[in-house]
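> Below is the file structure-v3.cif, with mmCIF, C-alpha atoms.
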data_model
loop_
_atom_site.label_atom_id
_atom_site.label_comp_id
_atom_site.auth_asym_id
_atom_site.auth_seq_id
_atom_site.Cartn_x
_atom_site.Cartn_y
_atom_site.Cartn_z
CA MET A 131 2.39 21.22 -0.83
CA ARG A 132 1.77 18.12 1.27
CA ALA A 133 2.28 14.64 -0.12
CA TYR A 134 -1.40 13.71 -0.11
CA GLN A 135 -2.22 16.74 -2.29
CA ARG A 136 0.19 15.47 -4.89
CA LEU A 137 -1.28 11.98 -4.67
CA LEU A 138 -4.75 13.37 -5.41
CA ARG A 139 -3.38 14.91 -8.63
CA TYR A 140 -1.28 11.96 -9.75
CA ALA A 141 -4.04 9.43 -9.04
CA GLN A 142 -6.21 11.04 -11.70
CA VAL A 143 -3.66 10.37 -14.45
CA TYR A 144 -4.42 7.07 -16.18
CA THR A 145 -1.20 5.01 -16.10
CA THR A 146 -2.22 1.33 -16.06
CA SER A 147 0.46 -0.89 -17.62
CA ASP A 148 -0.23 -3.75 -20.03
CA PRO A 149 1.27 -7.24 -19.51
CA ASP A 150 0.56 -8.20 -23.14
CA SER A 151 2.33 -5.25 -24.74
CA ALA A 152 5.75 -5.56 -26.36
CA CYS A 153 6.34 -1.79 -26.20
CA HIS A 154 8.51 0.10 -23.68
CA PRO A 155 6.72 1.54 -21.83
CA THR A 156 3.91 -0.96 -22.27
CA THR A 157 1.36 1.88 -22.47
CA ALA A 158 1.94 5.37 -23.86
CA ARG A 159 -0.39 6.82 -21.20
CA GLN A 160 2.36 6.37 -18.61
CA LEU A 161 4.28 9.10 -20.44
CA ASP A 162 1.54 11.58 -19.50
CA LEU A 163 2.51 11.32 -15.85
CA GLY A 164 6.20 11.21 -16.77
CA ARG A 165 5.96 14.57 -18.55
CA MET A 166 4.02 16.06 -15.63
CA LEU A 167 6.72 14.93 -13.21
CA VAL A 168 9.54 16.34 -15.34
CA GLU A 169 7.82 19.73 -15.32
CA GLU A 170 7.36 19.56 -11.56
CA LEU A 171 10.96 18.45 -10.95
CA THR A 172 12.26 21.27 -13.12
CA ALA A 173 10.16 23.78 -11.18
CA LEU A 174 11.70 22.42 -7.97
CA GLY A 175 15.18 23.25 -9.31
CA LEU A 176 16.30 19.85 -10.60
CA ALA A 177 17.65 21.20 -13.86
CA ASP A 178 18.57 17.84 -15.38
CA ALA A 179 15.06 16.34 -15.07
CA ARG A 180 14.37 14.20 -18.12
CA LEU A 181 12.03 11.57 -19.56
CA ASP A 182 13.87 8.98 -21.65
CA GLU A 183 12.59 7.07 -24.66
CA HIS A 184 11.57 4.08 -22.52
CA GLY A 185 9.41 6.11 -20.14
CA TYR A 186 11.85 6.50 -17.21
CA VAL A 187 12.07 9.82 -15.39
CA TYR A 188 15.44 10.77 -13.89
CA ALA A 189 16.57 13.86 -12.00
CA THR A 190 19.32 14.96 -9.63
CA LEU A 191 19.23 17.43 -6.77
CA PRO A 192 22.84 18.66 -6.39
CA ALA A 193 24.49 18.55 -2.99
CA THR A 194 24.41 21.66 -0.85
CA PRO A 195 27.72 23.42 -0.11
CA GLY A 196 29.87 21.34 2.21
CA CYS A 197 28.12 18.06 1.35
CA GLU A 198 29.61 17.53 -2.11
CA GLY A 199 31.70 14.59 -0.90
CA ALA A 200 28.70 12.45 0.02
CA LYS A 201 27.88 9.55 -2.25
CA GLY A 202 24.70 9.87 -4.29
CA LEU A 203 21.57 8.61 -2.53
CA GLY A 204 18.66 7.45 -4.67
CA PHE A 205 14.90 7.28 -4.19
CA ILE A 206 12.77 5.37 -6.70
CA ALA A 207 9.01 4.84 -7.22
CA HIS A 208 6.92 3.62 -10.14
CA MET A 209 4.35 5.48 -12.20
CA ASP A 210 2.18 2.64 -13.49
CA THR A 211 -0.79 1.10 -11.74
CA SER A 212 -1.83 -2.53 -11.70
CA PRO A 213 -3.84 -4.00 -14.58
CA ASP A 214 -5.65 -6.17 -11.99
CA ALA A 215 -8.26 -3.44 -11.44
CA PRO A 216 -9.60 -0.44 -13.39
CA GLY A 217 -7.25 2.54 -13.26
CA GLU A 218 -9.00 5.10 -15.46
CA ASN A 219 -11.11 8.00 -14.16
CA VAL A 220 -9.91 7.56 -10.59
CA LYS A 221 -11.89 9.74 -8.18
CA PRO A 222 -10.05 9.96 -4.84
CA LYS A 223 -12.16 10.49 -1.74
CA LEU A 224 -11.06 12.03 1.56
CA HIS A 225 -12.67 10.74 4.76
CA GLU A 226 -11.63 13.28 7.37
CA ASN A 227 -11.38 12.34 11.04
CA TYR A 228 -12.09 8.71 10.20
CA ASP A 229 -14.09 7.17 13.03
CA GLY A 230 -12.51 3.70 12.81
CA GLY A 231 -15.69 2.04 11.52
CA ASP A 232 -17.10 0.94 8.18
CA VAL A 233 -16.50 3.12 5.12
CA VAL A 234 -18.92 2.87 2.18
CA LEU A 235 -17.36 3.61 -1.21
CA PRO A 236 -20.03 5.63 -3.00
CA ALA A 237 -19.77 4.39 -6.59
CA THR A 238 -20.32 0.73 -5.78
CA GLY A 239 -21.46 0.45 -2.19
CA THR A 240 -18.35 -1.57 -1.37
CA VAL A 241 -17.73 -1.51 2.37
CA LEU A 242 -14.28 -1.16 3.92
CA SER A 243 -14.73 -2.77 7.29
CA PRO A 244 -12.30 -3.22 10.19
CA LYS A 245 -13.72 -6.72 10.53
CA GLN A 246 -12.26 -7.59 7.14
CA PHE A 247 -9.32 -5.19 7.30
CA PRO A 248 -8.20 -4.95 10.96
CA PHE A 249 -5.50 -2.36 10.20
CA LEU A 250 -8.26 0.23 9.72
CA SER A 251 -8.84 0.46 13.46
CA ALA A 252 -5.38 1.98 13.94
CA MET A 253 -6.27 4.77 11.49
CA LYS A 254 -9.03 6.20 13.69
CA GLY A 255 -8.81 9.99 13.81
CA GLN A 256 -6.74 10.21 10.64
CA THR A 257 -7.80 11.39 7.18
CA LEU A 258 -8.41 8.27 5.12
CA ILE A 259 -8.02 8.38 1.34
CA THR A 260 -9.83 5.89 -0.91
CA SER A 261 -11.16 5.75 -4.45
CA ASP A 262 -14.91 5.95 -5.04
CA GLY A 263 -14.94 2.14 -5.35
CA SER A 264 -15.14 1.90 -9.13
CA THR A 265 -11.34 1.86 -9.56
CA LEU A 266 -8.19 1.33 -7.58
CA LEU A 267 -6.73 4.41 -5.92
CA GLY A 268 -3.22 4.23 -7.37
CA ALA A 269 -1.36 4.83 -4.12
CA ASP A 270 0.73 1.92 -5.39
CA ASP A 271 2.90 3.68 -6.22
CA LYS A 272 1.83 7.25 -6.77
CA ALA A 273 2.02 7.70 -3.01
CA GLY A 274 5.72 6.87 -3.25
CA ILE A 275 6.16 9.44 -6.02
CA ALA A 276 4.26 12.06 -4.01
CA GLU A 277 6.38 11.42 -0.93
CA ILE A 278 9.64 11.69 -2.85
CA MET A 279 8.52 14.91 -4.56
CA THR A 280 7.46 16.41 -1.26
CA MET A 281 10.81 15.48 0.28
CA LEU A 282 12.58 17.30 -2.58
CA GLU A 283 10.43 20.39 -2.12
CA ARG A 284 11.06 20.52 1.61
CA LEU A 285 14.81 20.02 1.27
CA GLY A 286 14.91 23.24 -0.74
CA ALA A 287 12.26 25.23 1.12
CA GLU A 288 13.77 24.45 4.53
CA HIS A 289 17.37 24.92 3.35
CA ARG A 290 18.34 21.54 4.76
CA PRO A 291 21.91 20.41 4.03
CA HIS A 292 22.06 17.25 1.92
CA GLY A 293 24.27 15.27 -0.39
CA ARG A 294 23.47 14.52 -4.00
CA ILE A 295 19.92 13.16 -4.22
CA CYS A 296 19.05 11.08 -7.28
CA VAL A 297 15.41 10.31 -8.05
CA ALA A 298 13.80 8.06 -10.64
CA PHE A 299 10.23 7.23 -11.52
CA THR A 300 9.83 4.06 -13.53
CA PRO A 301 7.18 2.56 -15.82
CA ASP A 302 5.84 -0.99 -15.93
CA GLU A 303 6.71 -2.19 -12.42
CA GLU A 304 3.31 -3.84 -12.12
CA VAL A 305 4.02 -6.10 -15.10
CA GLY A 306 7.49 -7.08 -13.87
CA GLN A 307 9.49 -4.83 -16.20
CA GLY A 308 10.12 -1.78 -14.04
CA ALA A 309 13.87 -2.22 -13.73
CA ASP A 310 14.56 -3.88 -17.07
CA LEU A 311 15.78 -0.74 -18.85
CA PHE A 312 16.85 1.26 -15.80
CA ASP A 313 20.03 3.27 -16.44
CA VAL A 314 21.99 2.47 -13.28
CA PRO A 315 25.22 4.28 -14.32
CA GLY A 316 23.30 7.31 -15.54
CA PHE A 317 21.20 7.42 -12.38
CA GLY A 318 24.29 8.44 -10.42
CA ALA A 319 23.48 6.94 -7.01
CA ALA A 320 25.74 4.64 -5.01
CA TYR A 321 22.71 3.09 -3.31
CA ALA A 322 19.01 3.76 -3.19
CA TYR A 323 15.63 2.98 -1.68
CA THR A 324 12.49 2.05 -3.56
CA VAL A 325 9.50 3.73 -1.90
CA ASP A 326 6.88 1.15 -2.80
CA GLY A 327 5.91 -0.80 0.32
CA ASP A 328 2.88 -1.02 2.56
CA ASP A 329 2.61 0.57 5.99
CA VAL A 330 4.82 3.52 6.84
CA GLY A 331 7.87 2.41 8.83
CA GLU A 332 8.21 -0.80 6.86
CA ILE A 333 11.66 -1.87 5.64
CA SER A 334 11.98 -4.80 3.27
CA TYR A 335 15.37 -6.16 2.33
CA GLU A 336 14.49 -9.79 1.70
CA ASN A 337 12.29 -11.14 -1.05
CA PHE A 338 11.50 -14.47 -2.63
CA ASN A 339 13.76 -16.34 -4.95
CA ALA A 340 11.42 -16.95 -7.86
CA ALA A 341 11.03 -19.23 -10.85
CA ALA A 342 8.36 -20.17 -13.37
CA ALA A 343 7.80 -23.79 -14.31
CA VAL A 344 5.92 -25.25 -17.27
CA VAL A 345 5.04 -28.94 -16.99
CA THR A 346 4.13 -30.54 -20.33
CA VAL A 347 2.55 -33.98 -20.40
CA HIS A 348 2.36 -36.02 -23.61
CA GLY A 349 -0.44 -38.57 -23.64
CA PHE A 350 -1.45 -41.40 -25.96
CA SER A 351 -5.02 -41.48 -27.19
CA VAL A 352 -6.84 -44.77 -27.75
CA HIS A 353 -10.56 -45.33 -28.17
CA PRO A 354 -11.85 -45.58 -24.58
CA GLY A 355 -13.59 -48.82 -25.41
CA SER A 356 -10.25 -50.54 -25.96
CA ALA A 357 -7.98 -48.36 -23.86
CA LYS A 358 -6.94 -50.89 -21.19
CA ASP A 359 -3.14 -50.91 -20.75
CA ALA A 360 -2.77 -48.68 -23.79
CA MET A 361 -4.17 -45.19 -23.18
CA ILE A 362 -2.09 -42.55 -21.40
CA ASN A 363 -4.44 -39.70 -20.53
CA ALA A 364 -2.25 -36.60 -20.33
CA GLN A 365 -4.77 -34.87 -18.05
CA ASN A 366 -4.65 -37.68 -15.50
CA VAL A 367 -0.85 -37.76 -15.54
CA ALA A 368 -0.84 -33.98 -15.04
CA MET A 369 -3.08 -34.43 -12.01
CA GLU A 370 -0.71 -37.08 -10.67
CA PHE A 371 2.13 -34.62 -11.01
CA HIS A 372 0.22 -31.95 -9.12
CA GLN A 373 -0.86 -34.33 -6.37
CA ALA A 374 2.74 -35.41 -5.85
CA LEU A 375 3.62 -31.89 -4.73
CA PRO A 376 3.05 -31.21 -1.01
CA ALA A 377 -0.51 -29.97 -0.51
CA PHE A 378 0.39 -27.67 2.36
CA SER A 379 3.14 -26.01 0.39
CA ARG A 380 0.70 -23.82 -1.51
CA PRO A 381 0.22 -20.04 -1.12
CA GLU A 382 -3.04 -20.44 0.78
CA HIS A 383 -1.23 -22.38 3.52
CA THR A 384 2.00 -20.36 3.83
CA GLU A 385 3.20 -17.07 5.30
CA GLY A 386 6.34 -15.18 6.32
CA ARG A 387 9.43 -16.84 4.89
CA GLU A 388 7.63 -20.05 3.94
CA GLY A 389 7.92 -20.87 0.26
CA PHE A 390 5.39 -22.50 -2.03
CA PHE A 391 4.44 -24.12 -5.32
CA HIS A 392 1.56 -22.24 -6.95
CA LEU A 393 -0.43 -23.77 -9.80
CA SER A 394 -1.25 -20.68 -11.86
CA SER A 395 -2.61 -22.21 -15.06
CA MET A 396 -3.71 -25.50 -16.56
CA MET A 397 -5.03 -26.75 -19.88
CA GLY A 398 -5.20 -29.97 -21.79
CA ASP A 399 -6.91 -32.95 -23.31
CA VAL A 400 -6.09 -36.65 -23.57
CA THR A 401 -3.04 -36.17 -25.77
CA LEU A 402 -1.49 -33.04 -24.30
CA ALA A 403 -1.70 -31.21 -20.98
CA LYS A 404 0.20 -28.24 -19.58
CA LEU A 405 0.53 -26.96 -16.03
CA GLY A 406 1.98 -23.55 -15.22
CA TYR A 407 3.57 -22.98 -11.82
CA ILE A 408 5.41 -20.30 -9.96
CA ILE A 409 7.96 -21.47 -7.39
CA ARG A 410 8.96 -19.27 -4.45
CA ASP A 411 11.25 -19.50 -1.42
CA HIS A 412 13.32 -17.01 0.56
CA ASP A 413 16.00 -19.60 1.34
CA ALA A 414 18.27 -20.29 -1.64
CA ALA A 415 18.89 -23.93 -0.68
CA LEU A 416 15.18 -24.64 -0.18
CA PHE A 417 14.46 -22.88 -3.46
CA ALA A 418 16.91 -25.17 -5.26
CA ALA A 419 15.32 -28.17 -3.52
CA ARG A 420 11.87 -27.15 -4.74
CA LYS A 421 13.06 -27.05 -8.32
CA ALA A 422 14.79 -30.41 -7.90
CA GLN A 423 11.61 -31.88 -6.42
CA MET A 424 9.65 -31.04 -9.55
CA GLN A 425 12.28 -32.66 -11.73
CA HIS A 426 12.26 -35.73 -9.46
CA ILE A 427 8.48 -36.13 -9.79
CA ALA A 428 8.77 -35.87 -13.57
CA ALA A 429 11.46 -38.56 -13.60
CA ARG A 430 9.36 -40.96 -11.54
CA LEU A 431 6.32 -40.43 -13.78
CA ASN A 432 8.50 -41.07 -16.81
CA ASP A 433 9.61 -44.32 -15.20
CA ARG A 434 5.94 -45.27 -14.96
CA TYR A 435 4.62 -44.04 -18.32
CA GLY A 436 7.68 -43.94 -20.55
CA ALA A 437 10.54 -41.56 -21.26
CA GLY A 438 9.45 -38.15 -22.46
CA THR A 439 5.92 -38.37 -21.10
CA VAL A 440 6.52 -35.49 -18.67
CA GLU A 441 8.77 -32.54 -19.38
CA VAL A 442 9.54 -29.77 -16.90
CA GLU A 443 10.97 -26.45 -18.02
CA ILE A 444 12.01 -24.14 -15.17
CA THR A 445 13.06 -20.52 -15.71
CA ASP A 446 14.45 -18.40 -12.89
CA SER A 447 12.70 -15.03 -12.53
CA TYR A 448 14.48 -13.11 -9.75
CA ARG A 449 16.55 -13.70 -6.64
CA ASN A 450 16.49 -12.69 -2.99
CA MET A 451 18.14 -9.29 -2.60
CA ILE A 452 19.48 -10.03 0.89
CA ASP A 453 22.85 -11.22 -0.43
CA GLN A 454 23.30 -7.89 -2.21
CA ILE A 455 22.15 -5.86 0.81
CA ARG A 456 24.36 -7.53 3.44
CA PRO A 457 27.56 -5.79 2.25
CA HIS A 458 25.69 -2.47 2.47
CA PHE A 459 23.72 -3.12 5.64
CA HIS A 460 24.07 0.55 6.61
CA LEU A 461 21.03 0.99 4.34
CA VAL A 462 18.92 -1.03 6.76
CA GLU A 463 20.53 0.40 9.88
CA ASN A 464 20.02 3.97 8.70
CA ALA A 465 16.44 3.23 7.66
CA ARG A 466 15.80 2.02 11.20
CA LYS A 467 17.27 5.26 12.58
CA ALA A 468 15.22 7.37 10.15
CA ILE A 469 12.00 5.60 11.08
CA ARG A 470 12.62 5.92 14.82
CA ALA A 471 13.47 9.61 14.37
CA ALA A 472 10.00 10.00 12.81
CA GLY A 473 8.45 8.56 15.98
CA LEU A 474 7.76 5.05 14.66
CA GLU A 475 9.14 1.57 15.18
CA PRO A 476 10.57 -0.22 12.14
CA ILE A 477 8.49 -3.02 10.63
CA GLU A 478 10.89 -5.48 9.02
CA THR A 479 8.95 -7.71 6.69
CA PRO A 480 10.24 -10.19 4.12
CA VAL A 481 8.53 -9.52 0.80
CA ARG A 482 6.38 -12.41 -0.33
CA GLY A 483 7.01 -11.46 -3.92
CA GLY A 484 9.60 -9.48 -5.83
CA THR A 485 10.51 -5.81 -6.03
CA ASP A 486 12.28 -3.60 -8.52
CA GLY A 487 14.72 -3.06 -5.67
CA ALA A 488 15.71 -6.71 -5.87
CA THR A 489 16.41 -6.48 -9.59
CA LEU A 490 18.28 -3.21 -9.16
CA SER A 491 20.33 -4.69 -6.32
CA PHE A 492 21.58 -7.39 -8.69
CA MET A 493 22.27 -4.68 -11.30
CA GLY A 494 24.73 -3.08 -8.87
CA LEU A 495 22.43 -0.62 -7.08
CA PRO A 496 21.72 -1.91 -3.52
CA CYS A 497 18.11 -0.99 -2.96
CA PRO A 498 15.89 -1.95 0.02
CA ASN A 499 12.20 -1.05 -0.04
CA LEU A 500 10.37 1.40 2.24
CA GLY A 501 6.67 1.62 3.09
CA THR A 502 4.45 4.38 1.75
CA GLY A 503 1.58 4.05 4.24
CA GLY A 504 -0.83 2.31 1.87
CA PHE A 505 -2.87 -0.88 2.09
CA ASN A 506 -5.01 -3.19 -0.08
CA PHE A 507 -3.12 -2.44 -3.27
CA HIS A 508 -4.35 -3.63 -6.70
CA GLY A 509 -8.05 -3.29 -6.00
CA PRO A 510 -10.92 -0.91 -5.19
CA CYS A 511 -10.35 -1.32 -1.43
CA GLU A 512 -6.95 0.38 -1.67
CA CYS A 513 -6.44 3.09 0.93
CA ILE A 514 -3.88 5.30 2.64
CA THR A 515 -3.96 8.19 5.12
CA VAL A 516 -2.72 11.76 4.97
CA GLU A 517 -0.86 11.29 8.24
CA LYS A 518 0.95 8.15 7.14
CA MET A 519 2.11 9.92 3.99
CA ASP A 520 3.40 12.83 6.08
CA ALA A 521 5.34 10.36 8.24
CA ALA A 522 6.82 8.72 5.13
CA VAL A 523 8.10 12.11 3.98
CA GLU A 524 9.76 12.63 7.38
CA ILE A 525 11.52 9.28 7.03
CA LEU A 526 12.88 10.23 3.60
CA LEU A 527 14.09 13.58 4.95
CA ASN A 528 15.78 11.81 7.85
CA LEU A 529 17.57 9.49 5.41
CA ALA A 530 18.77 12.48 3.39
CA ASP A 531 20.14 13.91 6.62
CA LEU A 532 21.89 10.67 7.57
CA TYR A 533 23.60 10.41 4.17
CA LYS A 534 24.70 14.02 3.80
CA GLU A 535 28.32 13.25 4.79
#
Could you write out this structure as structure tokens?

Amino acid sequence: MRAYQRLLRYAQVYTTSDPDSACHPTTARQLDLGRMLVEELTALGLADARLDEHGYVYATLPATPGCEGAKGLGFIAHMDTSPDAPGENVKPKLHENYDGGDVVLPATGTVLSPKQFPFLSAMKGQTLITSDGSTLLGADDKAGIAEIMTMLERLGAEHRPHGRICVAFTPDEEVGQGADLFDVPGFGAAYAYTVDGDDVGEISYENFNAAAAVVTVHGFSVHPGSAKDAMINAQNVAMEFHQALPAFSRPEHTEGREGFFHLSSMMGDVTLAKLGYIIRDHDAALFAARKAQMQHIAARLNDRYGAGTVEVEITDSYRNMIDQIRPHFHLVENARKAIRAAGLEPIETPVRGGTDGATLSFMGLPCPNLGTGGFNFHGPCECITVEKMDAAVEILLNLADLYKE
């Protein structure tokens, strides 16, 4: 079975996660796909395939004779889909021999156009896969699951020598909890790859350092008719705080390794105002400077309006995986070899966000991220091609070959 055929099946299983749930997994529907995958893994000969109480699927493909000394190599993808767009009743559509032009999604009339999405032009002649436009497709990350499963099937069917291959499919990645309860010791791999990126051939081994900041402003309310030199309007002070941050250091003005301050929420009245921010930077020193800058602005406003007027609470979220990858840089070097052996050139892109691989790397499992071949994740314009999925499978097989000794 080819990877795209698996994707068509998996995409129809409703697995959207819930950011407001306190359960693990956050939605029981993710277990439906988990049980399906355990059955499929067992049928492929992975006798230890299991679904744990938190919704994680684990399985091991034992090494072939002569390769037992190789360290365990892991491949990981996530089962949930983003709550940012509808994920129920997904109806995948195949557009064979795509002509490189506009594609109309039938349920809504939404148009996928190369003018808006230039990458589409390079897919001319391929078989494009989309949803019908009423939902996301779910290639993020059911394409990754399909590619890993197809790799496992081909390793056995083609009698290819390999070391121990460890696979895991996780819940709740889309709500930032995908690695929280991951059983690294039980997984059994020395190192791994998440298969959860964009275009095929992509390798990501850098991501943002990340923090969340809550700015609380305490005002002092006085009747506006007699407010001169007495009122402190918390909303105005909050706006002063925001304006003191550099205007061109916002997401809409940054790219690549450039960090940012992002105002993600705001509320308030005269007596109390709150601003919610996320802070991002690839460089650890610049990241620390950004956090210090927010504290400095708060201190200066407190000098002006009185101690305790502005409070800043900053909580670190995740860190750049690069420091954990450098001692195991063979993971990147071998990924480059595997991609070139599949006839592609590596695309090395710093992640402008976080990955489960980053969290796992700091949990002791070095874990760069590989592309699946998909684009426009988290919305109805999501798409992927059959051919890109096939190439992703070849890359995974090449990695298994490189790590068999």
> Please evaluate the PyMOL selection byres ((chain A and resi 231) around 12) against the structure above and give the resulting residues as a ChimeraX atom specification.
/A:225,227-230,232-234,241-255,258
> What's the separation between atom CA of Gly494 of chain A and atom CA of Ala276 of chain A, in Å to one decimal place?
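Separating atom CA of Gly494 of chain A from atom CA of Ala276 of chain A is a distance of 25.9 Å.
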> For atom CA of Asn506 of chain A and atom CA of Gly217 of chain A, determine how far apart the two atoms are, in Å to one decimal place.
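That distance, rounded to one decimal, is 14.5 Å.
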> Could you spell out the hits of the PyMOL selection byres ((chain A and resi 401) around 10) on the shown file, as an mmCIF file with C-alpha atoms, in the frame of the given file?

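Contents of part.cif, as written:
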data_model
loop_
_atom_site.group_PDB
_atom_site.id
_atom_site.type_symbol
_atom_site.label_atom_id
_atom_site.label_comp_id
_atom_site.auth_asym_id
_atom_site.auth_seq_id
_atom_site.Cartn_x
_atom_site.Cartn_y
_atom_site.Cartn_z
ATOM 1 C CA VAL A 347 2.550 -33.980 -20.400
ATOM 2 C CA HIS A 348 2.360 -36.020 -23.610
ATOM 3 C CA GLY A 349 -0.440 -38.570 -23.640
ATOM 4 C CA PHE A 350 -1.450 -41.400 -25.960
ATOM 5 C CA SER A 351 -5.020 -41.480 -27.190
ATOM 6 C CA VAL A 352 -6.840 -44.770 -27.750
ATOM 7 C CA MET A 361 -4.170 -45.190 -23.180
ATOM 8 C CA ILE A 362 -2.090 -42.550 -21.400
ATOM 9 C CA ASN A 363 -4.440 -39.700 -20.530
ATOM 10 C CA ALA A 364 -2.250 -36.600 -20.330
ATOM 11 C CA GLN A 365 -4.770 -34.870 -18.050
ATOM 12 C CA GLY A 398 -5.200 -29.970 -21.790
ATOM 13 C CA ASP A 399 -6.910 -32.950 -23.310
ATOM 14 C CA VAL A 400 -6.090 -36.650 -23.570
ATOM 15 C CA LEU A 402 -1.490 -33.040 -24.300
ATOM 16 C CA ALA A 403 -1.700 -31.210 -20.980
#
> Exactly which residues make up the result of the PyMOL selection byres ((chain A and resi 259) around 7) on this file, given as a list of chain:residue names?
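Applied to this file, the PyMOL selection byres ((chain A and resi 259) around 7) selects A:Pro222, A:Lys223, A:Leu224, A:His225, A:Thr257, A:Leu258, A:Thr260, A:Cys513, A:Ile514, A:Thr515.
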> Which residue gives the smallest distance to Asp182 of chain A among A:Asp271, A:Glu475, A:Asp446, A:Asp313, with all atoms listed in the file counted?
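Of all the options, A:Asp313 lies closest to Asp182 of chain A.
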> Which is closer to Val143 of chain A than all the others in A:Asn219, A:Thr439, A:Thr384, A:Gln256, using only C-alpha atoms?
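Answer, going by the shortest atom-to-atom distance: A:Asn219.
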> Between segment 304-364 of chain A and segment 193-209 of chain A, at 9 Å or less, what are the per-residue closest atom pairs and their distances in Å? Count only C-alpha atoms, order by chain and rising residue number, and return it as a tab-separated table.

residue	atom	partner	partner_atom	distance
A:Glu304	CA	A:His208	CA	8.5
A:Gly308	CA	A:His208	CA	7.4
A:Phe317	CA	A:Gly204	CA	8.1
A:Gly318	CA	A:Gly202	CA	6.3
A:Ala319	CA	A:Gly202	CA	4.2
A:Ala320	CA	A:Gly202	CA	5.4
A:Tyr321	CA	A:Leu203	CA	5.7
A:Ala322	CA	A:Gly204	CA	4.0
A:Tyr323	CA	A:Phe205	CA	5.0
A:Thr324	CA	A:Ile206	CA	4.6
A:Val325	CA	A:Ala207	CA	5.5
A:Asp326	CA	A:Ala207	CA	6.1
> When you draw a straight line from atom CA of Pro213 of chain A to atom CA of Ser395 of chain A, how long is it in Å?
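Distance reported for this atom pair: 18.3 Å.
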> Would you list the contacts of segment 373-383 of chain A as an NGL selection string, taking every protein, DNA or RNA residue within 10 Å and counting all atoms listed in the file, but skipping same-chain residues closer than 5 positions in sequence?
:A and (367-368 or 388-393 or 409-410 or 420 or 423-424 or 427-428 or 482)
> Only C-alpha atoms, please: the residues just picked out, written as an mmCIF file, keeping the file's coordinate frame.

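And here is the file that came out, result-v4.cif:
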data_model
loop_
_atom_site.group_PDB
_atom_site.id
_atom_site.type_symbol
_atom_site.label_atom_id
_atom_site.label_comp_id
_atom_site.auth_asym_id
_atom_site.auth_seq_id
_atom_site.Cartn_x
_atom_site.Cartn_y
_atom_site.Cartn_z
ATOM 1 C CA VAL A 367 -0.850 -37.760 -15.540
ATOM 2 C CA ALA A 368 -0.840 -33.980 -15.040
ATOM 3 C CA GLU A 388 7.630 -20.050 3.940
ATOM 4 C CA GLY A 389 7.920 -20.870 0.260
ATOM 5 C CA PHE A 390 5.390 -22.500 -2.030
ATOM 6 C CA PHE A 391 4.440 -24.120 -5.320
ATOM 7 C CA HIS A 392 1.560 -22.240 -6.950
ATOM 8 C CA LEU A 393 -0.430 -23.770 -9.800
ATOM 9 C CA ILE A 409 7.960 -21.470 -7.390
ATOM 10 C CA ARG A 410 8.960 -19.270 -4.450
ATOM 11 C CA ARG A 420 11.870 -27.150 -4.740
ATOM 12 C CA GLN A 423 11.610 -31.880 -6.420
ATOM 13 C CA MET A 424 9.650 -31.040 -9.550
ATOM 14 C CA ILE A 427 8.480 -36.130 -9.790
ATOM 15 C CA ALA A 428 8.770 -35.870 -13.570
ATOM 16 C CA ARG A 482 6.380 -12.410 -0.330
#
> Per residue of segment 444-481 of chain A within 8 Å of segment 332-344 of chain A, what are the shortest atom pair and its distance in Å to one decimal, counting all atoms listed in the file, with rows by chain and residue number, as JSON lines?

{"residue": "A:Ile444", "atom": "CA", "partner": "A:Ala343", "partner_atom": "CA", "distance": 4.3}
{"residue": "A:Thr445", "atom": "CA", "partner": "A:Ala342", "partner_atom": "CA", "distance": 5.3}
{"residue": "A:Asp446", "atom": "CA", "partner": "A:Ala341", "partner_atom": "CA", "distance": 4.1}
{"residue": "A:Ser447", "atom": "CA", "partner": "A:Ala341", "partner_atom": "CA", "distance": 4.8}
{"residue": "A:Tyr448", "atom": "CA", "partner": "A:Ala340", "partner_atom": "CA", "distance": 5.3}
{"residue": "A:Arg449", "atom": "CA", "partner": "A:Asn339", "partner_atom": "CA", "distance": 4.2}
{"residue": "A:Asn450", "atom": "CA", "partner": "A:Asn337", "partner_atom": "CA", "distance": 4.9}
{"residue": "A:Met451", "atom": "CA", "partner": "A:Glu336", "partner_atom": "CA", "distance": 5.7}
{"residue": "A:Ile452", "atom": "CA", "partner": "A:Glu336", "partner_atom": "CA", "distance": 5.1}
{"residue": "A:Ile455", "atom": "CA", "partner": "A:Tyr335", "partner_atom": "CA", "distance": 7.0}
{"residue": "A:Val462", "atom": "CA", "partner": "A:Ile333", "partner_atom": "CA", "distance": 7.4}
{"residue": "A:Ala465", "atom": "CA", "partner": "A:Ile333", "partner_atom": "CA", "distance": 7.3}
{"residue": "A:Arg466", "atom": "CA", "partner": "A:Ile333", "partner_atom": "CA", "distance": 7.9}
{"residue": "A:Pro476", "atom": "CA", "partner": "A:Glu332", "partner_atom": "CA", "distance": 5.8}
{"residue": "A:Ile477", "atom": "CA", "partner": "A:Glu332", "partner_atom": "CA", "distance": 4.4}
{"residue": "A:Glu478", "atom": "CA", "partner": "A:Ile333", "partner_atom": "CA", "distance": 5.0}
{"residue": "A:Thr479", "atom": "CA", "partner": "A:Ser334", "partner_atom": "CA", "distance": 5.4}
{"residue": "A:Pro480", "atom": "CA", "partner": "A:Glu336", "partner_atom": "CA", "distance": 4.9}
{"residue": "A:Val481", "atom": "CA", "partner": "A:Asn337", "partner_atom": "CA", "distance": 4.5}
> Within 8 Å of Ser261 of chain A, counting only C-alpha atoms, which residues qualify if same-chain residues fewer than 4 places away don't, as a count of residues only?
12
